[in-house]
Amino acid sequence: MSSKPSVLFVLTSHKELGTTGKPTGWYLPEFAHPYHVLAPVTNITVASPAGGEAPLDPASVEGFKADAVSMDFLKQNEATWKETEKLSNFIGKVADFDAIFFVGGHGPMWDLSNSSDSFKLIREFAEADKIVSAVCHGPAALANVKLSDGSYLVNGHEVTAFTNVEEDQVGLTAVMPFLLESVLKDHGAVFVNAEKPWDEKVVVAKGGKLITGQNPASATGVGEAIKKALGL
């Protein structure tokens, strides 16, 4: 048995950007950068709601073609997203992991935001005092989660995520099924963000057990925060 901590990475299975006819999915640097930080020092398992191949947003490949970490990951780690485990398989197995991390991209706004399997899993991690973490639109998976006492997971805690201003600047406010910042606030989160849109912002709450990042620029920082919270 390895002595390394174990982290469950979760990708979206949703590939359509609303009714635009455009593709979406998970966002390359938001998987590549935390993976780059954590793979050398943890055991990583990758899951998605549907299992199998999780859709990579092609716009994120084009947008980060000059990013060496993302391009290396794309070439060398294809199996991580083409052969994901089914998320429901991990319900009741929280003892096997030390942290759960939700990768961003617009996809989670449609599937992980209302997945009962994901909700159960997050609740298990939170109530076992394990690390719950997410970046950019990944916190869509956290926004609607209720704990066993009926309270929202994010209620009373500092969190960040892709902001309403950032959503507006990419021209997708009208396409989204909801606005992530708004729902987090509605459910009692103390929402914090970088002074300027697109700047890095990583928020560590609950003594390192709740870690969120605002946007793609925050992906490495979230990985580093998870690493630190694992005591590495």
# chains A, B, ... in the order shown; residues from 1 in each chain; ligands from 1

call {"tool": "residues_around", "arguments": {"residues": "A:Val41", "least_positions_apart": "3", "cutoff": "9 Å", "atoms": "only C-alpha atoms", "output": "PyMOL selection string"}}
result
chain A and resi 4-5+37-38+227+232

call {"tool": "write_last_selection", "arguments": {"atoms": "N, CA and C atoms", "output": "mmCIF file, in the first residue's frame"}}
result
data_model
loop_
_atom_site.group_PDB
_atom_site.id
_atom_site.type_symbol
_atom_site.label_atom_id
_atom_site.label_comp_id
_atom_site.auth_asym_id
_atom_site.auth_seq_id
_atom_site.Cartn_x
_atom_site.Cartn_y
_atom_site.Cartn_z
ATOM 1 N N LYS A 4 1.617 7.444 -0.166
ATOM 2 C CA LYS A 4 1.202 8.741 -0.722
ATOM 3 C C LYS A 4 -0.276 8.993 -0.443
ATOM 4 N N PRO A 5 -0.649 10.259 -0.219
ATOM 5 C CA PRO A 5 -2.085 10.586 -0.130
ATOM 6 C C PRO A 5 -2.767 10.321 -1.480
ATOM 7 N N VAL A 37 1.211 19.629 -10.341
ATOM 8 C CA VAL A 37 1.645 19.855 -8.958
ATOM 9 C C VAL A 37 1.505 18.585 -8.118
ATOM 10 N N LEU A 38 0.391 17.868 -8.294
ATOM 11 C CA LEU A 38 0.047 16.791 -7.370
ATOM 12 C C LEU A 38 0.488 15.395 -7.802
ATOM 13 N N LYS A 227 -1.866 20.526 -2.005
ATOM 14 C CA LYS A 227 -0.616 19.896 -1.573
ATOM 15 C C LYS A 227 -0.286 20.291 -0.138
ATOM 16 N N LEU A 232 2.084 18.087 2.537
ATOM 17 C CA LEU A 232 3.216 17.707 1.669
ATOM 18 C C LEU A 232 4.135 18.883 1.394
#

call {"tool": "closest_atom_pairs", "arguments": {"of": "stretch 85-188 of chain A", "to": "stretch 197-208 of chain A", "cutoff": "9 Å", "atoms": "only C-alpha atoms", "output": "Markdown table"}}
result
| residue | atom | partner | partner_atom | distance |
| --- | --- | --- | --- | --- |
| A:Ile131 | CA | A:Gly208 | CA | 7.0 |
| A:Val132 | CA | A:Gly208 | CA | 8.9 |
| A:Val135 | CA | A:Val202 | CA | 8.6 |
| A:His157 | CA | A:Ala205 | CA | 6.4 |
| A:Glu158 | CA | A:Ala205 | CA | 6.0 |
| A:Val159 | CA | A:Val203 | CA | 5.9 |
| A:Thr160 | CA | A:Val203 | CA | 6.4 |
| A:Ala161 | CA | A:Lys201 | CA | 8.8 |
| A:Phe162 | CA | A:Trp198 | CA | 8.8 |
| A:Thr163 | CA | A:Pro197 | CA | 7.8 |
| A:Val165 | CA | A:Pro197 | CA | 7.1 |
| A:Glu166 | CA | A:Pro197 | CA | 6.0 |
| A:Gln169 | CA | A:Pro197 | CA | 9.0 |

call {"tool": "residues_around", "arguments": {"residues": "A:Ala47", "least_positions_apart": "6", "cutoff": "8 Å", "atoms": "only C-alpha atoms", "output": "NGL selection string"}}
result
:A and (8-11 or 84-87)

call {"tool": "write_last_selection", "arguments": {"atoms": "C-alpha atoms", "output": "compact mmCIF listing (two decimals), in the first residue's frame"}}
result
# COMPACT_ATOMS: atom_id res chain seq x y z
CA LEU A 8 -9.98 11.96 -6.57
CA PHE A 9 -10.08 14.32 -9.56
CA VAL A 10 -13.55 14.82 -11.06
CA LEU A 11 -14.24 15.87 -14.66
CA THR A 84 -12.28 7.87 -16.36
CA GLU A 85 -13.97 5.84 -13.66
CA LYS A 86 -17.69 6.29 -13.02
CA LEU A 87 -18.21 8.77 -10.19

call {"tool": "closest_residue", "arguments": {"among": "A:Gly150, A:Gly156, A:Val61, A:Pro139", "to": "A:Glu181", "atoms": "only C-alpha atoms"}}
result
A:Pro139

call {"tool": "closest_residue", "arguments": {"among": "A:Ala128, A:Leu184, A:Val103, A:Ala68", "to": "A:Phe31", "atoms": "only C-alpha atoms"}}
result
A:Val103

call {"tool": "closest_residue", "arguments": {"among": "A:Asp96, A:Asp57, A:Asp117, A:Glu30", "to": "A:Lys15", "atoms": "only C-alpha atoms"}}
result
A:Asp57

call {"tool": "select_by_dssp", "arguments": {"residues": "stretch 121-176 of chain A", "states": "helix (DSSP H, G or I)", "output": "number ranges by chain"}}
result
A: 121-127, 140-143, 164-169

call {"tool": "select_by_dssp", "arguments": {"residues": "chain A", "states": "strand (DSSP E)", "output": "mmCIF file with C-alpha atoms, in the first residue's frame"}}
result
data_model
loop_
_atom_site.group_PDB
_atom_site.id
_atom_site.type_symbol
_atom_site.label_atom_id
_atom_site.label_comp_id
_atom_site.auth_asym_id
_atom_site.auth_seq_id
_atom_site.Cartn_x
_atom_site.Cartn_y
_atom_site.Cartn_z
ATOM 1 C CA SER A 6 -4.848 9.853 -2.650
ATOM 2 C CA VAL A 7 -6.807 12.500 -4.546
ATOM 3 C CA LEU A 8 -9.978 11.959 -6.575
ATOM 4 C CA PHE A 9 -10.075 14.324 -9.563
ATOM 5 C CA VAL A 10 -13.546 14.820 -11.062
ATOM 6 C CA ASN A 43 -1.999 8.943 -6.120
ATOM 7 C CA ILE A 44 -4.564 10.427 -8.513
ATOM 8 C CA THR A 45 -7.773 8.716 -9.622
ATOM 9 C CA VAL A 46 -9.940 10.418 -12.263
ATOM 10 C CA ALA A 47 -13.731 10.087 -12.371
ATOM 11 C CA SER A 48 -16.676 11.613 -14.230
ATOM 12 C CA GLU A 85 -13.970 5.837 -13.659
ATOM 13 C CA LYS A 86 -17.689 6.290 -13.022
ATOM 14 C CA ALA A 99 -9.113 14.912 -1.071
ATOM 15 C CA ILE A 100 -11.580 15.446 -3.901
ATOM 16 C CA PHE A 101 -10.973 18.043 -6.617
ATOM 17 C CA PHE A 102 -13.386 19.304 -9.272
ATOM 18 C CA ILE A 131 -10.392 18.121 1.601
ATOM 19 C CA VAL A 132 -13.055 19.362 -0.833
ATOM 20 C CA SER A 133 -11.649 21.539 -3.637
ATOM 21 C CA ALA A 134 -12.516 23.022 -7.030
ATOM 22 C CA VAL A 135 -11.421 25.637 -9.556
ATOM 23 C CA GLU A 158 -15.173 31.929 2.149
ATOM 24 C CA VAL A 159 -15.169 30.607 -1.409
ATOM 25 C CA VAL A 190 -18.790 34.501 1.690
ATOM 26 C CA PHE A 191 -17.723 35.118 -1.910
ATOM 27 C CA VAL A 202 -7.144 30.957 -4.293
ATOM 28 C CA VAL A 203 -9.245 30.723 -1.150
ATOM 29 C CA VAL A 204 -8.499 28.274 1.649
ATOM 30 C CA ALA A 205 -11.300 27.872 4.215
ATOM 31 C CA LEU A 210 -12.382 23.760 1.563
ATOM 32 C CA ILE A 211 -10.181 25.075 -1.251
ATOM 33 C CA THR A 212 -11.414 27.035 -4.278
ATOM 34 C CA GLY A 213 -9.837 28.910 -7.180
#

call {"tool": "atom_distance", "arguments": {"atom1": "atom CA of A:Gly221", "atom2": "atom CA of A:Ser88"}}
result
28.2 Å

call {"tool": "closest_residue", "arguments": {"among": "A:Ile91, A:Thr80, A:His36, A:Gly107", "to": "A:Pro55", "atoms": "only C-alpha atoms"}}
result
A:Gly107

call {"tool": "residues_around", "arguments": {"residues": "A:Phe178", "least_positions_apart": "6", "cutoff": "10 Å", "atoms": "only C-alpha atoms", "output": "list in words"}}
result
Met109, Trp110, Ser113 and Ala140 of chain A

call {"tool": "atom_distance", "arguments": {"atom1": "atom CA of A:Asn193", "atom2": "atom CA of A:Ala225"}}
result
16.3 Å

call {"tool": "closest_residue", "arguments": {"among": "A:Gly104, A:Thr20, A:Asp67, A:Lys120", "to": "A:Gly171", "atoms": "only C-alpha atoms"}}
result
A:Thr20

call {"tool": "atom_distance", "arguments": {"atom1": "atom CA of A:Lys22", "atom2": "atom CA of A:Asp168"}}
result
17.5 Å

call {"tool": "closest_residue", "arguments": {"among": "A:Glu16, A:Ile122, A:Asn215, A:Leu28", "to": "A:Met71", "atoms": "only C-alpha atoms"}}
result
A:Leu28
